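Participant: See structure.txt below, with compact mmCIF, C-alpha atoms.
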# COMPACT_ATOMS: atom_id res chain seq x y z
CA MET L 1 -0.47 -91.08 -43.76
CA HIS L 2 -1.72 -94.63 -43.86
CA TYR L 3 0.28 -97.76 -43.11
CA ASP L 4 -1.06 -101.28 -43.46
CA GLY L 5 0.36 -103.65 -40.85
CA SER L 6 -0.82 -107.23 -41.16
CA SER L 7 -4.37 -106.30 -41.91
CA CYS L 8 -6.90 -108.40 -43.83
CA ASN L 9 -7.44 -105.34 -46.07
CA GLY L 10 -10.94 -104.75 -44.73
CA CYS L 11 -9.96 -101.63 -42.78
CA ASP L 12 -7.68 -100.43 -45.61
CA ILE L 13 -10.60 -100.37 -47.99
CA GLU L 14 -12.57 -98.40 -45.44
CA VAL L 15 -9.69 -95.92 -45.00
CA LEU L 16 -9.64 -95.37 -48.75
CA ALA L 17 -13.43 -95.03 -48.70
CA CYS L 18 -12.92 -91.93 -46.52
CA LEU L 19 -11.21 -90.24 -49.50
CA THR L 20 -14.05 -90.92 -51.92
CA PRO L 21 -16.78 -88.42 -52.86
CA MET L 22 -19.17 -90.23 -50.49
CA TYR L 23 -17.23 -89.33 -47.31
CA ASP L 24 -14.60 -86.83 -48.57
CA VAL L 25 -12.30 -86.36 -45.61
CA GLU L 26 -10.70 -83.36 -47.38
CA ARG L 27 -13.66 -81.36 -46.08
CA PHE L 28 -11.63 -81.19 -42.86
CA GLY L 29 -8.46 -80.32 -44.75
CA VAL L 30 -7.10 -83.84 -44.36
CA ILE L 31 -5.28 -85.35 -47.31
CA ASN L 32 -3.54 -88.66 -47.77
CA THR L 33 0.23 -88.46 -48.16
CA GLY L 34 2.87 -91.08 -48.75
CA ASN L 35 5.61 -89.14 -46.99
CA PRO L 36 6.10 -89.49 -43.22
CA LYS L 37 7.94 -86.15 -43.11
CA HIS L 38 4.85 -84.32 -44.35
CA ALA L 39 2.41 -86.29 -42.20
CA ASP L 40 0.77 -85.32 -38.91
CA ILE L 41 -1.44 -88.33 -38.38
CA LEU L 42 -0.32 -91.93 -38.76
CA LEU L 43 -3.23 -94.27 -39.48
CA ILE L 44 -2.34 -97.89 -38.86
CA THR L 45 -4.60 -100.76 -39.82
CA GLY L 46 -3.90 -104.33 -38.79
CA SER L 47 -1.81 -105.74 -35.99
CA VAL L 48 1.94 -105.42 -35.64
CA ASN L 49 3.94 -108.56 -36.37
CA GLU L 50 7.59 -109.51 -36.07
CA GLN L 51 8.25 -108.51 -39.67
CA ASN L 52 6.95 -104.96 -39.61
CA VAL L 53 7.94 -103.81 -36.12
CA ASP L 54 10.98 -101.93 -37.45
CA ILE L 55 9.00 -100.37 -40.27
CA VAL L 56 6.33 -99.03 -37.91
CA LYS L 57 8.97 -97.62 -35.55
CA ASN L 58 10.88 -96.09 -38.45
CA LEU L 59 7.79 -94.41 -39.88
CA TYR L 60 6.90 -93.03 -36.48
CA ASP L 61 10.42 -91.67 -35.93
CA GLN L 62 10.47 -89.97 -39.31
CA MET L 63 7.35 -87.94 -38.59
CA ALA L 64 7.86 -84.40 -37.32
CA ASP L 65 6.43 -83.34 -33.93
CA PRO L 66 3.61 -82.80 -33.05
CA LYS L 67 2.33 -86.12 -34.34
CA VAL L 68 -0.57 -88.45 -33.58
CA VAL L 69 -1.10 -92.17 -34.10
CA VAL L 70 -4.55 -93.54 -34.83
CA ALA L 71 -5.09 -97.31 -34.58
CA VAL L 72 -7.87 -98.23 -37.01
CA GLY L 73 -9.80 -101.45 -36.43
CA ILE L 74 -9.74 -104.01 -33.66
CA CYS L 75 -6.54 -105.68 -34.94
CA ALA L 76 -4.59 -102.43 -34.65
CA CYS L 77 -6.11 -101.75 -31.22
CA SER L 78 -5.40 -105.09 -29.58
CA GLY L 79 -4.46 -107.69 -32.17
CA GLY L 80 -8.05 -108.84 -32.58
CA ILE L 81 -8.58 -112.46 -33.55
CA PHE L 82 -4.93 -112.65 -34.61
CA ALA L 83 -3.67 -111.78 -31.10
CA GLU L 84 -2.83 -115.43 -30.35
CA CYS L 85 -0.81 -115.98 -33.54
CA TYR L 86 2.86 -116.93 -33.06
CA ASN L 87 4.11 -114.07 -35.22
CA VAL L 88 1.78 -111.33 -34.03
CA LYS L 89 3.03 -108.94 -31.36
CA GLY L 90 -0.41 -107.49 -30.68
CA GLY L 91 -1.87 -104.02 -31.06
CA VAL L 92 0.08 -101.03 -32.36
CA ASP L 93 0.45 -99.68 -28.81
CA LYS L 94 2.93 -102.48 -28.08
CA VAL L 95 5.43 -100.66 -30.31
CA ILE L 96 4.59 -96.96 -30.48
CA PRO L 97 2.30 -94.72 -28.41
CA VAL L 98 -1.24 -94.65 -29.79
CA ASP L 99 -3.44 -91.60 -29.19
CA VAL L 100 -6.76 -92.56 -30.72
CA TYR L 101 -8.33 -96.01 -30.96
CA VAL L 102 -10.99 -96.65 -33.62
CA GLN L 103 -12.74 -99.95 -33.05
CA GLY L 104 -14.72 -102.08 -35.46
CA CYS L 105 -14.13 -105.02 -37.79
CA ALA L 106 -13.88 -103.54 -40.27
CA ALA L 107 -13.97 -99.98 -38.90
CA ARG L 108 -16.73 -97.93 -40.54
CA PRO L 109 -15.61 -94.89 -42.58
CA GLU L 110 -17.72 -92.69 -40.30
CA SER L 111 -15.86 -93.88 -37.23
CA ILE L 112 -12.49 -93.51 -38.99
CA ILE L 113 -13.31 -89.87 -39.85
CA ASP L 114 -14.48 -89.41 -36.28
CA GLY L 115 -11.13 -90.77 -35.08
CA VAL L 116 -9.15 -88.54 -37.43
CA VAL L 117 -11.04 -85.43 -36.32
CA LYS L 118 -10.42 -86.45 -32.70
CA ALA L 119 -6.74 -86.81 -33.61
CA LEU L 120 -6.75 -83.21 -34.87
CA GLY L 121 -7.83 -82.18 -31.36
CA VAL L 122 -5.02 -84.24 -29.84
CA ILE L 123 -2.55 -82.51 -32.17
CA GLU L 124 -3.73 -79.10 -30.95
CA GLU L 125 -3.14 -80.21 -27.37
CA LYS L 126 0.33 -81.53 -28.17
CA LYS L 127 1.16 -78.31 -29.95
CA ARG L 128 0.23 -76.36 -26.83
CA THR L 129 2.38 -78.51 -24.55
CA MET L 130 5.22 -78.26 -27.07
CA ASN L 131 5.01 -74.46 -26.98
CA GLU L 132 4.84 -74.45 -23.19
CA VAL L 133 8.00 -76.54 -23.02
CA LYS L 134 9.64 -74.11 -25.42
CA VAL L 135 8.63 -71.10 -23.32
CA GLY L 136 9.23 -72.69 -19.94
CA MET D 1 1.15 -45.66 -59.78
CA LYS D 2 4.90 -46.02 -59.82
CA PRO D 3 6.17 -49.45 -60.91
CA LEU D 4 8.29 -49.67 -57.75
CA TYR D 5 5.16 -49.56 -55.60
CA ILE D 6 3.47 -52.21 -57.72
CA GLY D 7 6.54 -54.39 -57.15
CA LEU D 8 6.28 -53.86 -53.39
CA ILE D 9 2.55 -54.56 -53.48
CA TYR D 10 3.35 -57.81 -55.27
CA VAL D 11 5.78 -58.83 -52.52
CA ALA D 12 3.14 -58.18 -49.87
CA ALA D 13 0.02 -59.40 -51.64
CA ALA D 14 1.24 -62.35 -53.73
CA PRO D 15 1.24 -64.84 -50.85
CA LEU D 16 -2.33 -63.87 -49.95
CA LEU D 17 -3.49 -64.09 -53.55
CA GLY D 18 -1.46 -67.24 -54.16
CA GLY D 19 -2.92 -68.91 -51.07
CA LEU D 20 -6.45 -68.01 -52.08
CA LEU D 21 -5.71 -69.29 -55.57
CA ALA D 22 -4.45 -72.58 -54.10
CA GLY D 23 -7.61 -72.84 -51.97
CA PHE D 24 -9.77 -72.12 -55.00
CA ASP D 25 -7.78 -74.71 -56.92
CA ARG D 26 -8.40 -77.37 -54.28
CA ILE D 27 -12.13 -76.64 -54.09
CA LEU D 28 -12.53 -76.66 -57.86
CA THR D 29 -10.55 -79.91 -58.10
CA ALA D 30 -12.79 -81.44 -55.43
CA ARG D 31 -15.92 -80.26 -57.25
CA MET D 32 -14.65 -81.79 -60.48
CA GLN D 33 -14.34 -85.08 -58.61
CA ARG D 34 -17.83 -84.57 -57.13
CA ARG D 35 -16.46 -83.96 -53.66
CA VAL D 36 -17.15 -81.05 -51.33
CA GLY D 37 -13.53 -80.04 -50.83
CA PRO D 38 -11.75 -78.10 -48.11
CA PRO D 39 -12.53 -74.53 -46.99
CA ILE D 40 -10.96 -71.88 -49.22
CA LEU D 41 -8.56 -70.80 -46.46
CA GLN D 42 -7.21 -74.34 -46.04
CA PRO D 43 -3.80 -73.55 -47.66
CA PHE D 44 -3.26 -70.85 -45.01
CA TYR D 45 -4.19 -73.27 -42.21
CA ASP D 46 -1.71 -75.73 -43.69
CA LEU D 47 0.99 -73.08 -43.90
CA PHE D 48 0.55 -72.00 -40.27
CA LYS D 49 0.52 -75.63 -39.22
CA LEU D 50 3.82 -76.21 -41.03
CA LEU D 51 5.35 -73.16 -39.35
CA GLN D 52 4.50 -74.61 -35.94
CA LYS D 53 5.87 -78.06 -36.68
CA ARG D 54 9.34 -79.16 -35.72
CA THR D 55 11.63 -79.12 -38.75
CA ILE D 56 13.60 -82.25 -39.47
CA VAL D 57 16.89 -81.31 -41.10
CA VAL D 58 18.66 -84.03 -43.04
CA ASN D 59 21.53 -81.90 -44.25
CA ARG D 60 22.43 -78.51 -42.80
CA LEU D 61 22.76 -77.02 -46.29
CA GLN D 62 19.21 -77.68 -47.36
CA ASN D 63 17.63 -74.86 -45.36
CA PRO D 64 19.83 -72.06 -46.78
CA TYR D 65 19.22 -73.43 -50.27
CA ILE D 66 15.46 -73.37 -49.79
CA PHE D 67 15.72 -69.89 -48.30
CA CYS D 68 17.57 -68.74 -51.44
CA HIS D 69 14.89 -70.46 -53.53
CA LEU D 70 12.22 -68.37 -51.82
CA VAL D 71 14.23 -65.13 -51.94
CA PHE D 72 15.00 -65.44 -55.65
CA MET D 73 11.39 -66.38 -56.36
CA ILE D 74 10.23 -63.20 -54.62
CA ALA D 75 12.92 -61.27 -56.49
CA THR D 76 11.63 -62.64 -59.79
CA GLY D 77 8.14 -61.35 -59.22
CA PHE D 78 9.34 -58.08 -57.72
CA LEU D 79 11.64 -57.31 -60.65
CA PHE D 80 8.90 -58.30 -63.07
CA PHE D 81 6.27 -55.97 -61.64
CA GLU D 82 8.86 -53.30 -60.96
CA GLY D 83 9.51 -53.17 -64.70
CA SER D 84 12.98 -54.63 -65.06
CA ASP D 85 14.33 -56.50 -68.06
CA ILE D 86 12.26 -59.66 -68.58
CA LEU D 87 15.31 -61.46 -69.91
CA LEU D 88 17.02 -60.93 -66.56
CA ILE D 89 13.89 -62.02 -64.73
CA ILE D 90 13.70 -65.36 -66.51
CA PHE D 91 17.26 -66.12 -65.45
CA VAL D 92 16.58 -65.15 -61.85
CA LEU D 93 13.63 -67.54 -62.01
CA SER D 94 15.92 -70.30 -63.30
CA LEU D 95 18.38 -69.54 -60.51
CA SER D 96 15.60 -69.98 -57.99
CA ALA D 97 14.70 -73.35 -59.51
CA VAL D 98 18.34 -74.42 -59.38
CA PHE D 99 18.51 -73.67 -55.65
CA PHE D 100 15.47 -75.87 -55.14
CA ILE D 101 17.16 -78.71 -57.00
CA LEU D 102 20.40 -78.25 -55.05
CA ALA D 103 18.44 -78.49 -51.81
CA ALA D 104 16.85 -81.75 -52.94
CA TYR D 105 20.22 -83.17 -53.97
CA ALA D 106 21.71 -82.15 -50.63
CA SER D 107 19.37 -84.46 -48.75
CA ASN D 108 20.99 -87.58 -50.20
CA SER D 109 17.79 -89.58 -50.34
CA PRO D 110 16.93 -91.62 -53.46
CA TYR D 111 13.41 -90.18 -53.61
CA SER D 112 14.62 -86.58 -53.51
CA PHE D 113 17.20 -87.53 -56.13
CA ILE D 114 14.54 -88.81 -58.50
CA GLY D 115 12.46 -85.70 -57.87
CA ALA D 116 15.44 -83.41 -58.47
CA GLU D 117 16.43 -85.20 -61.66
CA ARG D 118 12.91 -84.98 -62.98
CA GLU D 119 12.83 -81.28 -62.13
CA LEU D 120 16.02 -80.85 -64.15
CA ILE D 121 14.41 -82.63 -67.09
CA LEU D 122 11.38 -80.37 -66.80
CA ILE D 123 13.58 -77.26 -66.78
CA MET D 124 15.31 -78.55 -69.89
CA THR D 125 11.88 -79.10 -71.44
CA TYR D 126 10.29 -75.74 -70.79
CA GLU D 127 13.26 -73.41 -71.03
CA PRO D 128 13.43 -73.26 -74.88
CA MET D 129 9.77 -72.26 -75.02
CA VAL D 130 10.28 -69.55 -72.39
CA ILE D 131 13.18 -68.08 -74.38
CA LEU D 132 11.16 -68.29 -77.59
CA SER D 133 8.27 -66.41 -76.03
CA LEU D 134 10.67 -63.68 -74.94
CA VAL D 135 12.04 -63.47 -78.48
CA GLY D 136 8.49 -63.27 -79.84
CA ILE D 137 7.47 -60.56 -77.43
CA TYR D 138 10.55 -58.54 -78.29
CA MET D 139 9.95 -58.91 -82.03
CA VAL D 140 6.44 -57.53 -81.73
CA THR D 141 6.92 -54.75 -79.19
CA GLY D 142 10.66 -54.06 -79.35
CA SER D 143 10.95 -54.05 -75.58
CA PHE D 144 11.80 -56.30 -72.64
CA ASN D 145 10.05 -54.08 -70.09
CA PHE D 146 6.73 -55.20 -68.63
CA TYR D 147 5.16 -51.74 -68.67
CA GLU D 148 6.41 -50.81 -72.11
CA ILE D 149 5.05 -54.12 -73.44
CA ILE D 150 1.59 -53.78 -71.95
CA GLY D 151 1.62 -50.05 -72.77
CA SER D 152 2.41 -50.72 -76.43
CA GLY D 153 -1.29 -51.32 -77.07
CA LYS D 154 -0.49 -54.19 -79.41
CA VAL D 155 -2.68 -57.29 -79.29
CA LEU D 156 0.18 -59.69 -78.72
CA ILE D 157 -1.96 -62.78 -78.93
CA LYS D 158 -2.86 -61.84 -82.51
CA TYR D 159 0.80 -61.73 -83.52
CA LEU D 160 1.91 -64.63 -81.35
CA PRO D 161 -0.84 -67.26 -81.26
CA GLY D 162 1.67 -70.10 -81.56
CA VAL D 163 3.97 -68.71 -78.89
CA PHE D 164 0.98 -68.17 -76.61
CA ALA D 165 -0.28 -71.74 -77.08
CA GLY D 166 3.24 -73.07 -76.52
CA PHE D 167 3.59 -71.03 -73.34
CA VAL D 168 0.26 -72.30 -72.02
CA TYR D 169 1.54 -75.80 -72.76
CA ILE D 170 4.66 -75.37 -70.62
CA LEU D 171 2.65 -73.48 -68.01
CA THR D 172 1.30 -76.90 -67.01
CA MET D 173 4.85 -77.84 -66.00
CA LYS D 174 5.53 -74.58 -64.22
CA LEU D 175 2.29 -74.75 -62.23
CA ARG D 176 3.12 -78.37 -61.34
CA LYS D 177 -0.05 -79.73 -62.86
CA SER D 178 -0.67 -83.21 -64.16
CA PRO D 179 0.29 -84.62 -66.75
CA PHE D 180 3.64 -82.83 -66.31
CA ASP D 181 3.91 -82.88 -62.52
CA LEU D 182 6.85 -85.27 -62.75
CA SER D 183 8.90 -83.80 -59.94
CA TYR D 184 6.27 -82.80 -57.42
CA SER D 185 2.58 -83.53 -57.55
CA HIS D 186 -0.32 -82.21 -55.52
CA HIS D 187 -1.99 -85.58 -55.95
CA VAL D 188 -0.62 -88.34 -53.80
CA HIS D 189 -1.79 -91.25 -55.96
CA GLN D 190 0.82 -90.69 -58.64
CA GLU D 191 3.81 -89.67 -56.57
CA LEU D 192 7.04 -91.37 -55.49
CA VAL D 193 6.88 -90.58 -51.76
CA LYS D 194 6.66 -86.82 -52.41
CA GLY D 195 9.03 -86.22 -55.29
CA ILE D 196 11.45 -83.35 -54.90
CA THR D 197 10.02 -82.26 -51.53
CA SER D 198 10.38 -85.71 -49.90
CA ASP D 199 12.96 -84.62 -47.36
CA PHE D 200 11.61 -81.24 -46.35
CA SER D 201 9.33 -80.69 -43.43
CA GLY D 202 8.02 -77.99 -41.13
CA ARG D 203 9.32 -74.50 -41.79
CA THR D 204 11.33 -75.49 -44.87
CA LEU D 205 8.27 -77.00 -46.49
CA ALA D 206 6.34 -73.85 -45.64
CA MET D 207 8.96 -71.81 -47.51
CA ILE D 208 8.62 -74.07 -50.55
CA GLU D 209 4.87 -73.63 -50.44
CA MET D 210 5.23 -69.83 -50.22
CA ALA D 211 7.64 -69.81 -53.15
CA HIS D 212 5.16 -71.85 -55.14
CA TRP D 213 2.43 -69.26 -54.48
CA TYR D 214 4.73 -66.41 -55.49
CA GLU D 215 5.63 -68.28 -58.65
CA ASN D 216 2.00 -68.91 -59.59
CA ILE D 217 1.11 -65.23 -59.32
CA PHE D 218 4.19 -64.26 -61.33
CA LEU D 219 3.29 -66.77 -64.05
CA LEU D 220 -0.26 -65.44 -64.28
CA GLY D 221 1.27 -61.98 -64.66
CA PHE D 222 3.43 -63.30 -67.46
CA ILE D 223 0.38 -64.79 -69.22
CA TYR D 224 -1.30 -61.40 -68.85
CA ILE D 225 1.37 -59.88 -71.13
CA PHE D 226 -0.11 -61.69 -74.09
CA VAL D 227 -3.64 -60.39 -73.52
CA SER D 228 -2.90 -57.00 -72.02
CA PHE D 229 -4.71 -55.00 -74.74
CA ASN D 230 -7.74 -54.67 -72.46
CA PRO D 231 -7.34 -55.11 -68.67
CA TRP D 232 -10.76 -56.73 -68.11
CA ILE D 233 -10.69 -59.10 -71.06
CA GLY D 234 -7.07 -59.85 -70.19
CA ALA D 235 -7.88 -60.73 -66.60
CA ALA D 236 -10.80 -62.87 -67.75
CA ILE D 237 -8.59 -64.78 -70.16
CA VAL D 238 -5.93 -65.32 -67.47
CA ALA D 239 -8.60 -66.69 -65.11
CA ALA D 240 -9.99 -68.90 -67.87
CA ILE D 241 -6.52 -70.30 -68.55
CA TYR D 242 -6.00 -71.12 -64.89
CA ILE D 243 -9.34 -72.96 -64.75
CA PHE D 244 -8.38 -74.73 -67.96
CA GLU D 245 -5.12 -75.87 -66.30
CA ILE D 246 -7.09 -77.26 -63.35
CA LEU D 247 -9.29 -79.15 -65.79
CA ILE D 248 -6.21 -80.57 -67.57
CA ASP D 249 -4.80 -81.47 -64.16
CA ASN D 250 -7.84 -83.58 -63.37
CA VAL D 251 -8.30 -85.15 -66.77
CA PHE D 252 -4.81 -86.49 -67.44
CA ALA D 253 -2.62 -88.95 -65.61
CA ARG D 254 1.08 -88.28 -65.33
CA VAL D 255 3.14 -89.03 -68.45
CA LYS D 256 6.60 -90.55 -68.69
CA TRP D 257 9.50 -88.12 -68.73
CA GLN D 258 10.53 -89.18 -72.24
CA TYR D 259 7.12 -88.17 -73.57
CA ALA D 260 7.08 -84.91 -71.61
CA PHE D 261 10.55 -84.02 -72.89
CA ARG D 262 9.88 -84.92 -76.52
CA MET D 263 6.50 -83.21 -76.66
CA GLY D 264 7.85 -80.13 -74.90
CA TRP D 265 10.45 -79.59 -77.58
CA ILE D 266 8.14 -80.54 -80.44
CA VAL D 267 5.59 -78.01 -79.21
CA ALA D 268 8.29 -75.38 -78.74
CA PHE D 269 9.50 -75.98 -82.30
CA PHE D 270 6.19 -76.22 -84.14
CA LEU D 271 4.20 -73.62 -82.23
CA GLY D 272 6.87 -71.27 -80.92
CA PHE D 273 9.63 -71.35 -83.51
CA SER D 274 7.38 -71.48 -86.58
CA ASN D 275 5.37 -68.56 -85.19
CA ILE D 276 8.53 -66.51 -84.90
CA VAL D 277 9.70 -67.49 -88.40
CA VAL D 278 6.34 -66.44 -89.85
CA LEU D 279 6.56 -63.17 -87.93
CA TYR D 280 10.05 -62.57 -89.27
CA ILE D 281 9.06 -63.26 -92.87
CA MET D 282 6.01 -61.02 -92.60
CA GLY D 283 7.96 -58.28 -90.90
CA ARG D 284 10.55 -58.11 -93.63
Here is a file; write its structure as structure tokens.

Facilitator:
Amino acid sequence: MHYDGSSCNGCDIEVLACLTPMYDVERFGVINTGNPKHADILLITGSVNEQNVDIVKNLYDQMADPKVVVAVGICACSGGIFAECYNVKGGVDKVIPVDVYVQGCAARPESIIDGVVKALGVIEEKKRTMNEVKVG
Amino acid sequence: MKPLYIGLIYVAAAPLLGGLLAGFDRILTARMQRRVGPPILQPFYDLFKLLQKRTIVVNRLQNPYIFCHLVFMIATGFLFFEGSDILLIIFVLSLSAVFFILAAYASNSPYSFIGAERELILIMTYEPMVILSLVGIYMVTGSFNFYEIIGSGKVLIKYLPGVFAGFVYILTMKLRKSPFDLSYSHHVHQELVKGITSDFSGRTLAMIEMAHWYENIFLLGFIYIFVSFNPWIGAAIVAAIYIFEILIDNVFARVKWQYAFRMGWIVAFFLGFSNIVVLYIMGR
């Protein structure tokens, strides 16, 4: 799933580029969904501001475990050039735990796909710990 | 082979076939959009992933409802291949659909509501055509039994071209293909959150997916009735129709429910009903 924080739209375009025939992220079985309850990976572009803090938290809470958050672009990682703004809280990790950081301004589709595939590995790990907790 | 065994084979093999069909569907769709597409086993990976996910339950009732949906869907296919009355089977199928809708209503979310209401409209749209095709089949073969119908040796498609075309038309709704995927679409770009499945996750969603695979195989079996005069030609035509549906799915955008409803009934009347009237006049 993809959520646009207060991004300049640069990274969003690149996220959508991943779905196009050129990059085709479905090769890895990844599809874009609009429903947090069906999603495993939350892609966030842009920094978190005072307005969308609740939305980001809500989306994260509605996703089923095991779940992974990928911060796409420098704004989502740390706030980027908007970090000093009065309304910007900073990177996504100020609000929810982030597992994979994808840097760049805007992030290249190749690096986004790389981040998503890395996130799939993180999911596997989380699944294992989840099962261990269940057994133990 | 005894019909009972074929029914049991269906129960065991339909999810495998249905999953492969879904994988084939996704690859073909990707190729039509000039993409590479996922591996053919991707639907199975997705299913196992869903089984391992934690299930979020909004309302305690929704899981039993979805379970009933799956059970009645399996029963539909089992009874069909076991050679029971097709009339009964169609109503068991409707019952299964009703459980799905009840589950969506139980979640109390506006998006599930919209999905459930659209599913109801779709049922209202395709049900007349389903009944008409049963009437047509009975008029030609004089039987409601799968094996008696395909054993009758009659070329049903020759007697019932209109009914067949009408059934293929509503098949688009049953297979949840665009332009009639009002309640639940495989394509995210034209969906309200996720339609009727918005509030299901994890194991429940896996059950819905399984039921969908069972349903697809059953529907292809139903299409086979019309072209059962020769097993090989019949199977080829069924495959061709499925590929045709994938093509339709990729060519058209979703229509409004008013259009879907109106056209559904118009098609049922002009293709299905007129076909049966002609058959009746000729038979007299």

Participant: From the list L:Met63, L:Ile74, L:Leu43, L:Val68, which residue is nearest Ala107 in chain L when using only C-alpha atoms?

Facilitator: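 Among the listed residues, L:Ile74 lies closest to Ala107 in chain L.
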
Participant: Residues of chain L were defined as contacting chain D if any atom lay at most 8 Å from it, counting all atoms listed in the file; please report them as a PyMOL selection string.

Facilitator: chain L and resi 20-22+24+26-29+32-35+37-38+64-66+127

Participant: So, with all atoms listed in the file as the atoms that count, which of L:Met130, L:Val95, L:Cys105, L:Val48 lies closest to Gly79 in chain L?

Facilitator: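 Nearest to Gly79 in chain L: L:Val48.
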
Participant: Mind listing as a PyMOL selection string all residues within 10 Å of (3.1, -90.1, -69.1), counting all atoms listed in the file?

Facilitator: chain D and resi 178-182+252-260

Participant: Would you mind exporting C-alpha atoms of the selected residues as an mmCIF file, in the coordinates of the input?

Facilitator:
data_model
loop_
_atom_site.group_PDB
_atom_site.id
_atom_site.type_symbol
_atom_site.label_atom_id
_atom_site.label_comp_id
_atom_site.auth_asym_id
_atom_site.auth_seq_id
_atom_site.Cartn_x
_atom_site.Cartn_y
_atom_site.Cartn_z
ATOM 1 C CA SER D 178 -0.670 -83.210 -64.160
ATOM 2 C CA PRO D 179 0.290 -84.620 -66.750
ATOM 3 C CA PHE D 180 3.640 -82.830 -66.310
ATOM 4 C CA ASP D 181 3.910 -82.880 -62.520
ATOM 5 C CA LEU D 182 6.850 -85.270 -62.750
ATOM 6 C CA PHE D 252 -4.810 -86.490 -67.440
ATOM 7 C CA ALA D 253 -2.620 -88.950 -65.610
ATOM 8 C CA ARG D 254 1.080 -88.280 -65.330
ATOM 9 C CA VAL D 255 3.140 -89.030 -68.450
ATOM 10 C CA LYS D 256 6.600 -90.550 -68.690
ATOM 11 C CA TRP D 257 9.500 -88.120 -68.730
ATOM 12 C CA GLN D 258 10.530 -89.180 -72.240
ATOM 13 C CA TYR D 259 7.120 -88.170 -73.570
ATOM 14 C CA ALA D 260 7.080 -84.910 -71.610
#

Participant: Hey, which of D:Leu102, D:Val92, D:Val238, D:Leu61 ends up closest to Glu215 in chain D? Count all atoms listed in the file.

Facilitator: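 The shortest atom-to-atom distance to Glu215 in chain D comes from D:Val92.
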
Participant: With distances taken over all atoms listed in the file, which of D:Leu122, D:Ile9, D:Val57, D:Ala104 is nearest to Phe78 in chain D?

Facilitator: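 For Phe78 in chain D, the nearest of the given residues is D:Ile9.
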
Participant: Have a look at D:Phe48, D:Phe24, D:Tyr5, D:Phe261 and name the one nearest to Tyr126 in chain D; count all atoms listed in the file.

Facilitator: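 Looking at the shortest contact to Tyr126 in chain D, the residue is D:Phe261.
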
Participant: At a cut-off of 9 Å from (-0.7, -92.2, -34.2) in the coordinates of the file, what residues are picked up using all atoms listed in the file, written as a list in words?

Facilitator: Asp40, Ile41, Leu42, Leu43, Ile44, Tyr60, Lys67, Val68, Val69, Val70, Ala71, Ile96, Pro97, Val98, Asp99, Val100 and Ala119 of chain L

Participant: Fewer than 4 positions away in the same chain doesn't count, so skip those; otherwise give me all residues within 12 Å of Phe91 in chain D, counting only C-alpha atoms, as a PyMOL selection string.

Facilitator: chain D and resi 72-73+75-76+79-80+85-87+95-98+123+127+130-131+134

Participant: Which residues, written as a PyMOL selection string, have at least one atom at most 8 Å from Cys18 in chain L, with only C-alpha atoms counted and residues fewer than 4 positions away on the same chain left out?

Facilitator: chain L and resi 14+22-25+109-110+112-113

Participant: Go ahead and save the residues from that selection, with C-alpha atoms, as a short mmCIF file (atom, residue, chain, number, x, y, z; two decimals), in the frame of the given file.

Facilitator:
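Output file selection-v5.cif follows:
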data_model
loop_
_atom_site.label_atom_id
_atom_site.label_comp_id
_atom_site.auth_asym_id
_atom_site.auth_seq_id
_atom_site.Cartn_x
_atom_site.Cartn_y
_atom_site.Cartn_z
CA GLU L 14 -12.57 -98.40 -45.44
CA MET L 22 -19.17 -90.23 -50.49
CA TYR L 23 -17.23 -89.33 -47.31
CA ASP L 24 -14.60 -86.83 -48.57
CA VAL L 25 -12.30 -86.36 -45.61
CA PRO L 109 -15.61 -94.89 -42.58
CA GLU L 110 -17.72 -92.69 -40.30
CA ILE L 112 -12.49 -93.51 -38.99
CA ILE L 113 -13.31 -89.87 -39.85
#

Participant: Rounded to one decimal, what separation in Å do you get between CA of Leu16 in chain L and CA of Thr204 in chain D?

Facilitator: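 So the answer is 29.2 Å.
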
Participant: Name the residues in contact with Thr172 in chain D at a cut-off of 10 Å, using all atoms listed in the file, excluding same-chain residues fewer than 3 positions from it; report them as JSON, numbers by chain.

Facilitator: {"D": [126, 167, 168, 169, 175, 176, 177, 178, 179, 180, 181, 242, 244, 245, 246, 248, 249]}

Participant: Write out, as a PDB file, keeping the file's coordinate frame, the residues just selected, with C-alpha atoms.

Facilitator:
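Now in selection-v1.pdb:
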ATOM      1  CA  TYR D 126      10.290 -75.740 -70.790  1.00  0.00           C
ATOM      2  CA  PHE D 167       3.590 -71.030 -73.340  1.00  0.00           C
ATOM      3  CA  VAL D 168       0.260 -72.300 -72.020  1.00  0.00           C
ATOM      4  CA  TYR D 169       1.540 -75.800 -72.760  1.00  0.00           C
ATOM      5  CA  LEU D 175       2.290 -74.750 -62.230  1.00  0.00           C
ATOM      6  CA  ARG D 176       3.120 -78.370 -61.340  1.00  0.00           C
ATOM      7  CA  LYS D 177      -0.050 -79.730 -62.860  1.00  0.00           C
ATOM      8  CA  SER D 178      -0.670 -83.210 -64.160  1.00  0.00           C
ATOM      9  CA  PRO D 179       0.290 -84.620 -66.750  1.00  0.00           C
ATOM     10  CA  PHE D 180       3.640 -82.830 -66.310  1.00  0.00           C
ATOM     11  CA  ASP D 181       3.910 -82.880 -62.520  1.00  0.00           C
ATOM     12  CA  TYR D 242      -6.000 -71.120 -64.890  1.00  0.00           C
ATOM     13  CA  PHE D 244      -8.380 -74.730 -67.960  1.00  0.00           C
ATOM     14  CA  GLU D 245      -5.120 -75.870 -66.300  1.00  0.00           C
ATOM     15  CA  ILE D 246      -7.090 -77.260 -63.350  1.00  0.00           C
ATOM     16  CA  ILE D 248      -6.210 -80.570 -67.570  1.00  0.00           C
ATOM     17  CA  ASP D 249      -4.800 -81.470 -64.160  1.00  0.00           C
TER      18      ASP D 249
END
